[in-house]
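Asks: Dropping in protein24.json, with JSON, C-alpha atoms.
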[["chain", "number", "residue", "atom", "x", "y", "z"],
["J", 1, "MET", "CA", 1.32, 7.21, -22.52],
["J", 2, "THR", "CA", 0.42, 3.58, -22.00],
["J", 3, "ALA", "CA", 2.86, 1.40, -20.08],
["J", 4, "ARG", "CA", 2.81, -1.94, -18.27],
["J", 5, "ALA", "CA", 5.37, -3.51, -15.96],
["J", 6, "VAL", "CA", 5.29, -7.19, -15.03],
["J", 7, "LEU", "CA", 6.93, -8.85, -12.02],
["J", 8, "ALA", "CA", 6.76, -12.56, -11.19],
["J", 9, "THR", "CA", 8.65, -14.81, -8.78],
["J", 10, "ALA", "CA", 9.69, -18.44, -8.75],
["J", 11, "LEU", "CA", 11.46, -20.84, -6.41],
["J", 12, "GLY", "CA", 15.12, -21.29, -7.28],
["J", 13, "PRO", "CA", 16.99, -24.60, -7.07],
["J", 14, "ASP", "CA", 18.11, -23.75, -3.52],
["J", 15, "GLY", "CA", 14.58, -22.90, -2.40],
["J", 16, "ARG", "CA", 15.14, -19.13, -2.49],
["J", 17, "THR", "CA", 12.93, -16.63, -4.28],
["J", 18, "VAL", "CA", 14.20, -15.63, -7.72],
["J", 19, "PRO", "CA", 12.65, -13.35, -10.37],
["J", 20, "ALA", "CA", 10.91, -15.36, -13.08],
["J", 21, "VAL", "CA", 9.75, -12.29, -15.02],
["J", 22, "MET", "CA", 10.80, -8.67, -14.55],
["J", 23, "ARG", "CA", 9.69, -6.49, -17.43],
["J", 24, "SER", "CA", 9.56, -2.71, -17.22],
["J", 25, "ALA", "CA", 8.13, 0.12, -19.29],
["J", 26, "PRO", "CA", 8.87, 3.78, -18.42],
["J", 27, "PRO", "CA", 7.81, 5.51, -16.30],
["J", 28, "ILE", "CA", 7.57, 2.26, -14.27],
["J", 29, "THR", "CA", 11.03, 0.70, -14.05],
["J", 30, "LEU", "CA", 11.79, -2.31, -11.85],
["J", 31, "ARG", "CA", 15.17, -2.78, -10.18],
["J", 32, "ARG", "CA", 16.16, -5.88, -8.21],
["J", 33, "THR", "CA", 17.83, -4.62, -5.02],
["J", 34, "GLY", "CA", 18.22, -7.83, -3.03],
["J", 35, "PRO", "CA", 16.96, -11.39, -2.61],
["J", 36, "GLY", "CA", 13.19, -11.22, -3.02],
["J", 37, "ARG", "CA", 13.28, -7.42, -3.13],
["J", 38, "VAL", "CA", 12.43, -5.06, -5.99],
["J", 39, "HIS", "CA", 12.31, -1.25, -6.06],
["J", 40, "LEU", "CA", 10.12, 0.83, -8.34],
["J", 41, "VAL", "CA", 12.11, 3.59, -10.06],
["J", 42, "SER", "CA", 10.46, 6.47, -11.94],
["J", 43, "THR", "CA", 12.37, 6.88, -15.20],
["J", 44, "ALA", "CA", 10.04, 9.52, -16.65],
["J", 45, "ALA", "CA", 7.64, 12.12, -15.33],
["J", 46, "GLY", "CA", 4.29, 10.74, -14.36],
["J", 47, "PRO", "CA", 1.68, 9.72, -14.00],
["J", 48, "LEU", "CA", 0.49, 12.58, -16.21],
["J", 49, "GLY", "CA", -3.06, 13.28, -17.29],
["J", 50, "GLY", "CA", -4.00, 10.77, -20.00],
["J", 51, "ASP", "CA", -1.48, 8.12, -18.89],
["J", 52, "ASP", "CA", -2.67, 4.51, -18.53],
["J", 53, "LEU", "CA", -0.13, 2.69, -16.36],
["J", 54, "ALA", "CA", -0.26, -0.85, -14.98],
["J", 55, "LEU", "CA", 1.84, -3.03, -12.68],
["J", 56, "ASP", "CA", 1.20, -6.77, -12.64],
["J", 57, "ILE", "CA", 2.66, -8.82, -9.76],
["J", 58, "ASP", "CA", 2.55, -12.61, -9.46],
["J", 59, "VAL", "CA", 4.06, -14.12, -6.30],
["J", 60, "ALA", "CA", 4.49, -17.87, -6.88],
["J", 61, "PRO", "CA", 3.56, -20.40, -4.18],
["J", 62, "GLY", "CA", 6.15, -20.63, -1.41],
["J", 63, "THR", "CA", 8.03, -17.47, -2.43],
["J", 64, "SER", "CA", 8.30, -14.06, -0.78],
["J", 65, "LEU", "CA", 8.57, -10.62, -2.36],
["J", 66, "ASP", "CA", 9.08, -7.04, -1.16],
["J", 67, "VAL", "CA", 8.05, -4.26, -3.54],
["J", 68, "LEU", "CA", 9.29, -0.80, -2.48],
["J", 69, "SER", "CA", 10.15, 2.46, -4.26],
["J", 70, "VAL", "CA", 13.16, 4.76, -4.22],
["J", 71, "ALA", "CA", 11.11, 7.98, -4.00],
["J", 72, "SER", "CA", 7.63, 9.41, -3.81],
["J", 73, "THR", "CA", 5.41, 9.48, -6.89],
["J", 74, "LEU", "CA", 4.27, 12.92, -8.09],
["J", 75, "VAL", "CA", 0.99, 12.85, -10.01],
["J", 76, "LEU", "CA", 0.80, 15.76, -12.47],
["J", 77, "PRO", "CA", -1.93, 17.18, -14.70],
["J", 78, "GLY", "CA", -1.75, 16.66, -18.44],
["J", 79, "SER", "CA", -2.31, 19.13, -21.23],
["J", 80, "GLY", "CA", -6.03, 18.37, -21.29],
["J", 81, "ALA", "CA", -8.74, 17.24, -18.92],
["J", 82, "ALA", "CA", -8.03, 13.51, -19.24],
["J", 83, "GLU", "CA", -7.37, 11.63, -16.01],
["J", 84, "SER", "CA", -4.41, 9.37, -15.37],
["J", 85, "LEU", "CA", -4.91, 5.74, -14.35],
["J", 86, "MET", "CA", -2.67, 3.47, -12.29],
["J", 87, "THR", "CA", -3.77, -0.17, -12.04],
["J", 88, "VAL", "CA", -1.97, -2.61, -9.75],
["J", 89, "THR", "CA", -2.93, -6.28, -9.95],
["J", 90, "ALA", "CA", -1.28, -8.71, -7.53],
["J", 91, "ARG", "CA", -1.74, -12.45, -7.09],
["J", 92, "VAL", "CA", -0.15, -14.19, -4.09],
["J", 93, "GLY", "CA", 0.01, -17.97, -4.23],
["J", 94, "SER", "CA", -0.25, -20.64, -1.56],
["J", 95, "GLY", "CA", 2.22, -20.13, 1.29],
["J", 96, "ALA", "CA", 3.63, -17.01, -0.40],
["J", 97, "SER", "CA", 4.22, -13.58, 1.13],
["J", 98, "LEU", "CA", 4.05, -10.10, -0.42],
["J", 99, "ARG", "CA", 5.02, -6.77, 1.10],
["J", 100, "PHE", "CA", 4.01, -3.78, -0.99],
["J", 101, "ALA", "CA", 5.15, -0.53, 0.60],
["J", 102, "PRO", "CA", 6.15, 2.21, -1.87],
["J", 103, "GLU", "CA", 6.82, 5.79, -0.83],
["J", 104, "PRO", "CA", 3.84, 8.19, -0.77],
["J", 105, "THR", "CA", 1.91, 9.39, -3.80],
["J", 106, "VAL", "CA", 1.70, 13.22, -4.00],
["J", 107, "LEU", "CA", -1.31, 14.75, -5.77],
["J", 108, "ALA", "CA", -0.13, 17.94, -7.49],
["J", 109, "ALA", "CA", -2.59, 20.77, -8.13],
["J", 110, "GLY", "CA", -4.78, 20.19, -11.17],
["J", 111, "CYS", "CA", -4.18, 16.45, -11.50],
["J", 112, "ARG", "CA", -7.03, 14.03, -12.13],
["J", 113, "HIS", "CA", -5.93, 10.57, -11.06],
["J", 114, "ARG", "CA", -7.51, 7.18, -10.55],
["J", 115, "VAL", "CA", -6.00, 4.19, -8.73],
["J", 116, "ALA", "CA", -7.32, 0.63, -8.97],
["J", 117, "VAL", "CA", -5.80, -2.17, -6.88],
["J", 118, "ARG", "CA", -6.86, -5.78, -7.33],
["J", 119, "LEU", "CA", -5.32, -8.19, -4.84],
["J", 120, "GLU", "CA", -5.95, -11.95, -4.99],
["J", 121, "LEU", "CA", -4.65, -14.08, -2.11],
["J", 122, "ALA", "CA", -4.57, -17.83, -1.77],
["J", 123, "GLY", "CA", -6.12, -19.10, 1.45],
["J", 124, "ASP", "CA", -2.77, -19.36, 3.26],
["J", 125, "ALA", "CA", -1.00, -16.41, 1.59],
["J", 126, "ARG", "CA", 0.27, -13.40, 3.56],
["J", 127, "VAL", "CA", 0.29, -9.74, 2.61],
["J", 128, "PHE", "CA", 1.48, -6.41, 4.02],
["J", 129, "TRP", "CA", 0.14, -3.65, 1.75],
["J", 130, "ARG", "CA", 0.67, 0.00, 2.64],
["J", 131, "GLU", "CA", -0.58, 3.03, 0.70],
["J", 132, "GLU", "CA", 0.04, 6.69, 1.52],
["J", 133, "ILE", "CA", -1.40, 9.74, -0.27],
["J", 134, "VAL", "CA", -0.29, 13.35, 0.25],
["J", 135, "PHE", "CA", -2.69, 16.16, -0.61],
["J", 136, "GLY", "CA", -0.48, 18.31, -2.84],
["J", 137, "ARG", "CA", 2.98, 19.76, -2.44],
["J", 138, "HIS", "CA", 3.74, 22.31, 0.31],
["J", 139, "GLY", "CA", 1.05, 24.99, 0.39],
["J", 140, "GLU", "CA", -0.66, 23.53, -2.66],
["J", 141, "THR", "CA", -4.29, 22.54, -3.12],
["J", 142, "PRO", "CA", -4.39, 18.93, -4.29],
["J", 143, "GLY", "CA", -5.79, 17.67, -7.53],
["J", 144, "ARG", "CA", -8.45, 14.99, -7.58],
["J", 145, "CYS", "CA", -7.93, 11.28, -6.95],
["J", 146, "ARG", "CA", -10.28, 8.32, -6.78],
["J", 147, "SER", "CA", -8.81, 5.16, -5.27],
["J", 148, "ARG", "CA", -10.40, 1.71, -5.28],
["J", 149, "PHE", "CA", -9.01, -1.32, -3.42],
["J", 150, "ASP", "CA", -10.42, -4.84, -3.87],
["J", 151, "ALA", "CA", -8.89, -7.82, -2.03],
["J", 152, "THR", "CA", -10.01, -11.44, -1.98],
["J", 153, "VAL", "CA", -8.80, -14.50, -0.06],
["J", 154, "GLY", "CA", -9.46, -17.88, -1.61],
["J", 155, "GLY", "CA", -11.90, -16.19, -3.99],
["J", 156, "ARG", "CA", -13.93, -14.63, -1.16],
["J", 157, "PRO", "CA", -14.03, -10.86, -0.51],
["J", 158, "LEU", "CA", -11.69, -9.62, 2.22],
["J", 159, "LEU", "CA", -11.76, -5.85, 1.70],
["J", 160, "ARG", "CA", -13.62, -3.45, -0.57],
["J", 161, "GLN", "CA", -12.57, 0.16, -0.05],
["J", 162, "GLU", "CA", -12.93, 3.35, -2.07],
["J", 163, "PHE", "CA", -12.22, 6.99, -1.30],
["J", 164, "THR", "CA", -11.91, 10.33, -3.09],
["J", 165, "VAL", "CA", -9.47, 13.18, -2.51],
["J", 166, "GLY", "CA", -9.85, 16.63, -4.03],
["J", 167, "ASP", "CA", -13.56, 17.32, -3.55],
["J", 168, "PRO", "CA", -13.65, 20.52, -1.43],
["J", 169, "ALA", "CA", -17.10, 19.67, -0.06],
["J", 170, "LEU", "CA", -15.75, 16.38, 1.31],
["J", 171, "ASP", "CA", -12.11, 17.10, 2.10],
["J", 172, "ALA", "CA", -12.79, 19.76, 4.76],
["J", 173, "SER", "CA", -15.54, 17.82, 6.49],
["J", 174, "PRO", "CA", -14.58, 16.69, 10.02],
["J", 175, "ALA", "CA", -16.27, 13.40, 9.15],
["J", 176, "VAL", "CA", -13.83, 12.83, 6.25],
["J", 177, "TYR", "CA", -10.36, 14.46, 6.34],
["J", 178, "GLY", "CA", -10.86, 17.65, 8.37],
["J", 179, "ASP", "CA", -7.57, 19.57, 8.45],
["J", 180, "ALA", "CA", -5.45, 16.51, 7.51],
["J", 181, "ARG", "CA", -3.08, 16.75, 4.54],
["J", 182, "CYS", "CA", -2.37, 13.02, 4.20],
["J", 183, "VAL", "CA", -4.29, 9.75, 4.31],
["J", 184, "GLY", "CA", -2.96, 6.22, 4.44],
["J", 185, "SER", "CA", -3.85, 2.62, 5.11],
["J", 186, "THR", "CA", -2.14, -0.73, 5.66],
["J", 187, "LEU", "CA", -3.73, -4.10, 4.99],
["J", 188, "ILE", "CA", -2.11, -6.99, 6.87],
["J", 189, "ALA", "CA", -3.67, -10.36, 6.13],
["J", 190, "GLY", "CA", -2.88, -14.03, 6.40],
["J", 191, "PRO", "CA", -3.63, -17.19, 8.38],
["J", 192, "PRO", "CA", -3.90, -16.96, 12.19],
["J", 193, "GLY", "CA", -0.45, -16.36, 13.65],
["J", 194, "ALA", "CA", 1.13, -15.47, 10.29],
["J", 195, "VAL", "CA", 0.08, -11.82, 10.53],
["J", 196, "LEU", "CA", 1.81, -11.45, 13.90],
["J", 197, "ALA", "CA", 4.90, -13.29, 12.65],
["J", 198, "ASP", "CA", 5.17, -11.00, 9.63],
["J", 199, "LEU", "CA", 4.92, -7.88, 11.78],
["J", 200, "ARG", "CA", 7.54, -9.15, 14.22],
["J", 201, "ASP", "CA", 9.80, -9.93, 11.26],
["J", 202, "ARG", "CA", 9.26, -6.42, 9.89],
["J", 203, "TYR", "CA", 9.86, -4.49, 13.12],
["J", 204, "GLY", "CA", 12.07, -6.81, 15.19],
["J", 205, "ASP", "CA", 13.00, -5.46, 18.61],
["J", 206, "ASP", "CA", 13.65, -1.94, 17.35],
["J", 207, "GLY", "CA", 10.22, -1.18, 15.93],
["J", 208, "PRO", "CA", 7.70, 1.30, 17.31],
["J", 209, "ALA", "CA", 6.11, 0.22, 20.58],
["J", 210, "PRO", "CA", 2.31, 0.34, 20.60],
["J", 211, "ASP", "CA", 0.39, 2.55, 23.00],
["J", 212, "ALA", "CA", -0.23, 1.09, 26.45],
["J", 213, "ALA", "CA", -3.81, 0.37, 25.40],
["J", 214, "ALA", "CA", -2.50, -1.77, 22.56],
["J", 215, "ALA", "CA", -0.10, -3.89, 24.61],
["J", 216, "GLY", "CA", -0.96, -7.24, 26.11],
["J", 217, "SER", "CA", -2.97, -10.01, 24.49],
["J", 218, "PRO", "CA", -3.16, -10.52, 20.71],
["J", 219, "ARG", "CA", -5.72, -8.41, 18.91],
["J", 220, "THR", "CA", -8.32, -11.01, 18.04],
["J", 221, "GLY", "CA", -11.57, -9.34, 17.03],
["J", 222, "GLU", "CA", -10.65, -6.17, 18.88],
["J", 223, "ALA", "CA", -10.31, -2.67, 17.40],
["J", 224, "VAL", "CA", -7.64, -0.28, 18.69],
["J", 225, "ILE", "CA", -7.86, 3.50, 18.25],
["J", 226, "GLY", "CA", -4.91, 5.84, 18.74],
["J", 227, "ASP", "CA", -4.06, 9.46, 17.99],
["J", 228, "GLY", "CA", -4.94, 9.86, 14.32],
["J", 229, "TRP", "CA", -5.01, 6.13, 13.57],
["J", 230, "ALA", "CA", -7.22, 3.08, 13.98],
["J", 231, "MET", "CA", -6.52, -0.65, 13.73],
["J", 232, "LEU", "CA", -9.62, -2.62, 12.76],
["J", 233, "PRO", "CA", -9.90, -6.43, 12.58],
["J", 234, "LEU", "CA", -11.12, -8.06, 9.39],
["J", 235, "ALA", "CA", -12.95, -11.34, 8.93],
["J", 236, "GLY", "CA", -10.24, -12.63, 6.55],
["J", 237, "PRO", "CA", -8.41, -12.97, 8.99],
["J", 238, "GLY", "CA", -6.30, -9.85, 9.09],
["J", 239, "VAL", "CA", -6.35, -6.19, 10.07],
["J", 240, "LEU", "CA", -6.74, -2.81, 8.38],
["J", 241, "VAL", "CA", -4.85, 0.19, 9.74],
["J", 242, "SER", "CA", -6.08, 3.64, 8.68],
["J", 243, "ALA", "CA", -4.53, 7.01, 9.51],
["J", 244, "LEU", "CA", -4.79, 10.76, 8.85],
["J", 245, "ALA", "CA", -2.01, 13.26, 9.47],
["J", 246, "PRO", "CA", -0.86, 16.83, 8.76],
["J", 247, "ASP", "CA", 2.27, 15.69, 6.87],
["J", 248, "ALA", "CA", 3.93, 12.61, 5.40],
["J", 249, "ALA", "CA", 6.28, 12.01, 8.34],
["J", 250, "ALA", "CA", 3.42, 12.05, 10.83],
["J", 251, "LEU", "CA", 1.36, 9.77, 8.58],
["J", 252, "ARG", "CA", 4.14, 7.15, 8.45],
["J", 253, "TYR", "CA", 4.57, 7.32, 12.22],
["J", 254, "ARG", "CA", 0.84, 6.87, 12.83],
["J", 255, "LEU", "CA", 0.57, 3.98, 10.40],
["J", 256, "GLU", "CA", 3.50, 2.25, 12.08],
["J", 257, "ARG", "CA", 1.84, 2.73, 15.47],
["J", 258, "GLY", "CA", -1.29, 1.06, 14.14],
["J", 259, "GLU", "CA", 0.71, -1.73, 12.52],
["J", 260, "ALA", "CA", 2.56, -2.36, 15.78],
["J", 261, "ALA", "CA", -0.76, -2.49, 17.64],
["J", 262, "ALA", "CA", -1.66, -5.61, 15.69],
["J", 263, "PHE", "CA", 0.58, -7.72, 17.90],
["J", 264, "PRO", "CA", 1.65, -7.63, 21.55],
["J", 265, "HIS", "CA", 5.15, -6.86, 22.79]]
Render the structure in this file as structure tokens.
Replies:
Amino acid sequence: MTARAVLATALGPDGRTVPAVMRSAPPITLRRTGPGRVHLVSTAAGPLGGDDLALDIDVAPGTSLDVLSVASTLVLPGSGAAESLMTVTARVGSGASLRFAPEPTVLAAGCRHRVAVRLELAGDARVFWREEIVFGRHGETPGRCRSRFDATVGGRPLLRQEFTVGDPALDASPAVYGDARCVGSTLIAGPPGAVLADLRDRYGDDGPAPDAAAAGSPRTGEAVIGDGWAMLPLAGPGVLVSALAPDAAALRYRLERGEAAAFPH
């Protein structure tokens, strides 16, 4: 199956974000669930081996967009040895903001999956981009997944990251995943001050408090390491949070701890 979904924003007459384009193709279905908010809904099984799926996002200058999902994505093997491909391309214009935080992707046994993310940010754009991968269903050995993430700011590289899941020689290594069953990361990027403002807006006063070591002054050029997570500064500016965990709930908790560590309470 080949399918492409397209999502684009525009500024409405009252200055609010409105959808300019919202075109779906199963199994990727887009549903508007609020002002500047869209949920991904799976309307067919997939990705399956042999599928070529794409999501194209264009956040217009001065607009803001949240892209979430209603449930986890289960990647399944196809009838043959062909791999499935999911390509996400996102462009965020000047003064615009994008939050991309779908539910986890679960790699079922036997799947062969590839993920390619291409993120292009204007110099003063802001982004919160979270990805979570679960190594198979309960008690299941995961299939194989190769994930590539490329982000630029103003045409200059911000982050180049690639990892593989499903190679037994690598997965069990204490230098890679060890006994973890999930891996995740969050990229938070934007102009100085905007990253902290976005995180405060996301968590408010009820969000997870960072560890004592993470409290205090803003994290400018300073890495923070917690239990199963790390928050690393980027030159963009911005931060990258990475985490490993035994299950999806623990992974989300650890990522949120790292995200909260990016700003002081």
Asks: One decimal, in Å: what's the spacing between CA of Glu83 (chain J) and CA of Thr105 (chain J)?
Replies: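 One can read the CA of Glu83 (chain J) to CA of Thr105 (chain J) distance as 15.5 Å.
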Asks: Pick out the residues sitting within 6 Å of region 150-158 of chain J, and hand them over as a list in words; count only C-alpha atoms, and ignore anything fewer than 6 positions along from it in its own chain.
Replies: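 In the requested format, the answer is Arg118, Leu119, Glu120, Leu121, Ala122, Gly123 and Gly236 of chain J.
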Asks: Create the file for the chosen residues now, containing C-alpha atoms and written as a short mmCIF file (atom, residue, chain, number, x, y, z; two decimals), keeping the file's coordinate frame.
Replies:
data_model
loop_
_atom_site.label_atom_id
_atom_site.label_comp_id
_atom_site.auth_asym_id
_atom_site.auth_seq_id
_atom_site.Cartn_x
_atom_site.Cartn_y
_atom_site.Cartn_z
CA ARG J 118 -6.86 -5.78 -7.33
CA LEU J 119 -5.32 -8.19 -4.84
CA GLU J 120 -5.95 -11.95 -4.99
CA LEU J 121 -4.65 -14.08 -2.11
CA ALA J 122 -4.57 -17.83 -1.77
CA GLY J 123 -6.12 -19.10 1.45
CA GLY J 236 -10.24 -12.63 6.55
#
Asks: Residues within 8 Å of (14.7, 0.1, -9.9), file coordinates, counting all atoms listed in the file: what are they? Give the list as a list in words.
Replies: Thr29, Leu30, Arg31, Arg32, Thr33, Val38, His39, Leu40, Val41, Ser42, Ser69 and Val70 of chain J
Asks: Which value, in Å to one decimal, gives the distance between CA of Asp52 (chain J) and CA of Arg114 (chain J)?
Replies: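 Interatomic distance, CA of Asp52 (chain J) to CA of Arg114 (chain J): 9.7 Å.
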Asks: Show me as number ranges by chain the residues that reach within 8 Å of (-2.7, -20.9, 2.9), counting only C-alpha atoms and using the file's own coordinates.
Replies: J: 94-95, 122-125, 190-191
Asks: Between CA of Val176 (chain J) and CA of Arg148 (chain J), measure the distance and give it in Å to one decimal.
Replies: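 Distance reported for this atom pair: 16.4 Å.
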Asks: Ranking J:Glu140, J:Glu131, J:Asp51, J:Glu162 by minimum distance to Leu244 (chain J) and counting only C-alpha atoms, which one comes first?
Replies: J:Glu131
Asks: Please list as a list of chain:residue names every residue within 9 Å of Ala243 (chain J), counting all atoms listed in the file and excluding residues in the same chain fewer than 4 positions away.
Replies: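 That gives J:Cys182, J:Val183, J:Gly184, J:Ser185, J:Thr186, J:Asp227, J:Gly228, J:Trp229, J:Ala230, J:Met231, J:Leu251, J:Arg252, J:Arg254, J:Leu255, J:Gly258.
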Asks: Could you take the residues named above and write them with C-alpha atoms, as a PDB file, in the frame of the given file?
Replies:
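Output file selection.pdb follows:
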ATOM      1  CA  CYS J 182      -2.370  13.020   4.200  1.00  0.00           C
ATOM      2  CA  VAL J 183      -4.290   9.750   4.310  1.00  0.00           C
ATOM      3  CA  GLY J 184      -2.960   6.220   4.440  1.00  0.00           C
ATOM      4  CA  SER J 185      -3.850   2.620   5.110  1.00  0.00           C
ATOM      5  CA  THR J 186      -2.140  -0.730   5.660  1.00  0.00           C
ATOM      6  CA  ASP J 227      -4.060   9.460  17.990  1.00  0.00           C
ATOM      7  CA  GLY J 228      -4.940   9.860  14.320  1.00  0.00           C
ATOM      8  CA  TRP J 229      -5.010   6.130  13.570  1.00  0.00           C
ATOM      9  CA  ALA J 230      -7.220   3.080  13.980  1.00  0.00           C
ATOM     10  CA  MET J 231      -6.520  -0.650  13.730  1.00  0.00           C
ATOM     11  CA  LEU J 251       1.360   9.770   8.580  1.00  0.00           C
ATOM     12  CA  ARG J 252       4.140   7.150   8.450  1.00  0.00           C
ATOM     13  CA  ARG J 254       0.840   6.870  12.830  1.00  0.00           C
ATOM     14  CA  LEU J 255       0.570   3.980  10.400  1.00  0.00           C
ATOM     15  CA  GLY J 258      -1.290   1.060  14.140  1.00  0.00           C
TER      16      GLY J 258
END
Asks: Check the smallest atom-to-atom distance from each of J:Thr63, J:Ser24, J:Thr43, J:Thr164 to Leu7 (chain J) using all atoms listed in the file, then report the winner.
Replies: J:Ser24
Asks: Just checking: using all atoms listed in the file, which residue out of J:Ala71, J:Leu85, J:Val18, J:Leu234 ends up closest to Met1 (chain J)?
Replies: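 Among the listed residues, J:Leu85 lies closest to Met1 (chain J).
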Asks: Tell me which protein, DNA and RNA residues are within 12 Å of Gly15 (chain J), counting all atoms listed in the file, leaving out same-chain ones fewer than 5 positions away, and put them as a ChimeraX atom specification.
Replies: /J:9-10,35-36,61-64
Asks: Pick the closest to Gly166 (chain J) from J:Val241, J:Cys145, J:Ala81, J:Leu74: which is it, counting all atoms listed in the file?
Replies: J:Cys145
Asks: Could I see region 152-165 of chain J restored to N, CA, C and O atoms, set down as a PDB file, in the coordinates of the input?
Replies:
ATOM      1  N   THR J 152      -9.304 -10.184  -2.239  1.00  0.00           N
ATOM      2  CA  THR J 152     -10.010 -11.440  -1.980  1.00  0.00           C
ATOM      3  C   THR J 152      -9.034 -12.453  -1.398  1.00  0.00           C
ATOM      4  O   THR J 152      -7.831 -12.403  -1.651  1.00  0.00           O
ATOM      5  N   VAL J 153      -9.572 -13.376  -0.609  1.00  0.00           N
ATOM      6  CA  VAL J 153      -8.800 -14.500  -0.060  1.00  0.00           C
ATOM      7  C   VAL J 153      -9.515 -15.783  -0.436  1.00  0.00           C
ATOM      8  O   VAL J 153     -10.682 -15.968  -0.084  1.00  0.00           O
ATOM      9  N   GLY J 154      -8.824 -16.644  -1.175  1.00  0.00           N
ATOM     10  CA  GLY J 154      -9.460 -17.880  -1.610  1.00  0.00           C
ATOM     11  C   GLY J 154     -10.719 -17.641  -2.419  1.00  0.00           C
ATOM     12  O   GLY J 154     -11.652 -18.439  -2.369  1.00  0.00           O
ATOM     13  N   GLY J 155     -10.749 -16.528  -3.160  1.00  0.00           N
ATOM     14  CA  GLY J 155     -11.900 -16.190  -3.990  1.00  0.00           C
ATOM     15  C   GLY J 155     -13.017 -15.481  -3.257  1.00  0.00           C
ATOM     16  O   GLY J 155     -14.006 -15.072  -3.884  1.00  0.00           O
ATOM     17  N   ARG J 156     -12.885 -15.297  -1.945  1.00  0.00           N
ATOM     18  CA  ARG J 156     -13.930 -14.630  -1.160  1.00  0.00           C
ATOM     19  C   ARG J 156     -13.478 -13.216  -0.805  1.00  0.00           C
ATOM     20  O   ARG J 156     -12.299 -12.971  -0.529  1.00  0.00           O
ATOM     21  N   PRO J 157     -14.406 -12.252  -0.799  1.00  0.00           N
ATOM     22  CA  PRO J 157     -14.030 -10.860  -0.510  1.00  0.00           C
ATOM     23  C   PRO J 157     -13.418 -10.711   0.882  1.00  0.00           C
ATOM     24  O   PRO J 157     -13.906 -11.264   1.860  1.00  0.00           O
ATOM     25  N   LEU J 158     -12.324  -9.964   0.951  1.00  0.00           N
ATOM     26  CA  LEU J 158     -11.690  -9.620   2.220  1.00  0.00           C
ATOM     27  C   LEU J 158     -11.867  -8.143   2.512  1.00  0.00           C
ATOM     28  O   LEU J 158     -12.209  -7.759   3.630  1.00  0.00           O
ATOM     29  N   LEU J 159     -11.664  -7.290   1.504  1.00  0.00           N
ATOM     30  CA  LEU J 159     -11.760  -5.850   1.700  1.00  0.00           C
ATOM     31  C   LEU J 159     -12.208  -5.184   0.417  1.00  0.00           C
ATOM     32  O   LEU J 159     -11.675  -5.463  -0.659  1.00  0.00           O
ATOM     33  N   ARG J 160     -13.196  -4.313   0.522  1.00  0.00           N
ATOM     34  CA  ARG J 160     -13.620  -3.450  -0.570  1.00  0.00           C
ATOM     35  C   ARG J 160     -13.572  -2.030  -0.019  1.00  0.00           C
ATOM     36  O   ARG J 160     -14.300  -1.703   0.927  1.00  0.00           O
ATOM     37  N   GLN J 161     -12.737  -1.189  -0.596  1.00  0.00           N
ATOM     38  CA  GLN J 161     -12.570   0.160  -0.050  1.00  0.00           C
ATOM     39  C   GLN J 161     -12.406   1.156  -1.188  1.00  0.00           C
ATOM     40  O   GLN J 161     -11.684   0.902  -2.150  1.00  0.00           O
ATOM     41  N   GLU J 162     -13.042   2.300  -1.061  1.00  0.00           N
ATOM     42  CA  GLU J 162     -12.930   3.350  -2.070  1.00  0.00           C
ATOM     43  C   GLU J 162     -12.991   4.702  -1.385  1.00  0.00           C
ATOM     44  O   GLU J 162     -13.760   4.902  -0.441  1.00  0.00           O
ATOM     45  N   PHE J 163     -12.152   5.633  -1.843  1.00  0.00           N
ATOM     46  CA  PHE J 163     -12.220   6.990  -1.300  1.00  0.00           C
ATOM     47  C   PHE J 163     -11.804   7.985  -2.380  1.00  0.00           C
ATOM     48  O   PHE J 163     -11.182   7.634  -3.388  1.00  0.00           O
ATOM     49  N   THR J 164     -12.189   9.243  -2.157  1.00  0.00           N
ATOM     50  CA  THR J 164     -11.910  10.330  -3.090  1.00  0.00           C
ATOM     51  C   THR J 164     -11.188  11.450  -2.364  1.00  0.00           C
ATOM     52  O   THR J 164     -11.520  11.779  -1.231  1.00  0.00           O
ATOM     53  N   VAL J 165     -10.183  12.009  -3.014  1.00  0.00           N
ATOM     54  CA  VAL J 165      -9.470  13.180  -2.510  1.00  0.00           C
ATOM     55  C   VAL J 165      -9.621  14.292  -3.557  1.00  0.00           C
ATOM     56  O   VAL J 165      -9.571  14.024  -4.759  1.00  0.00           O
TER      57      VAL J 165
END
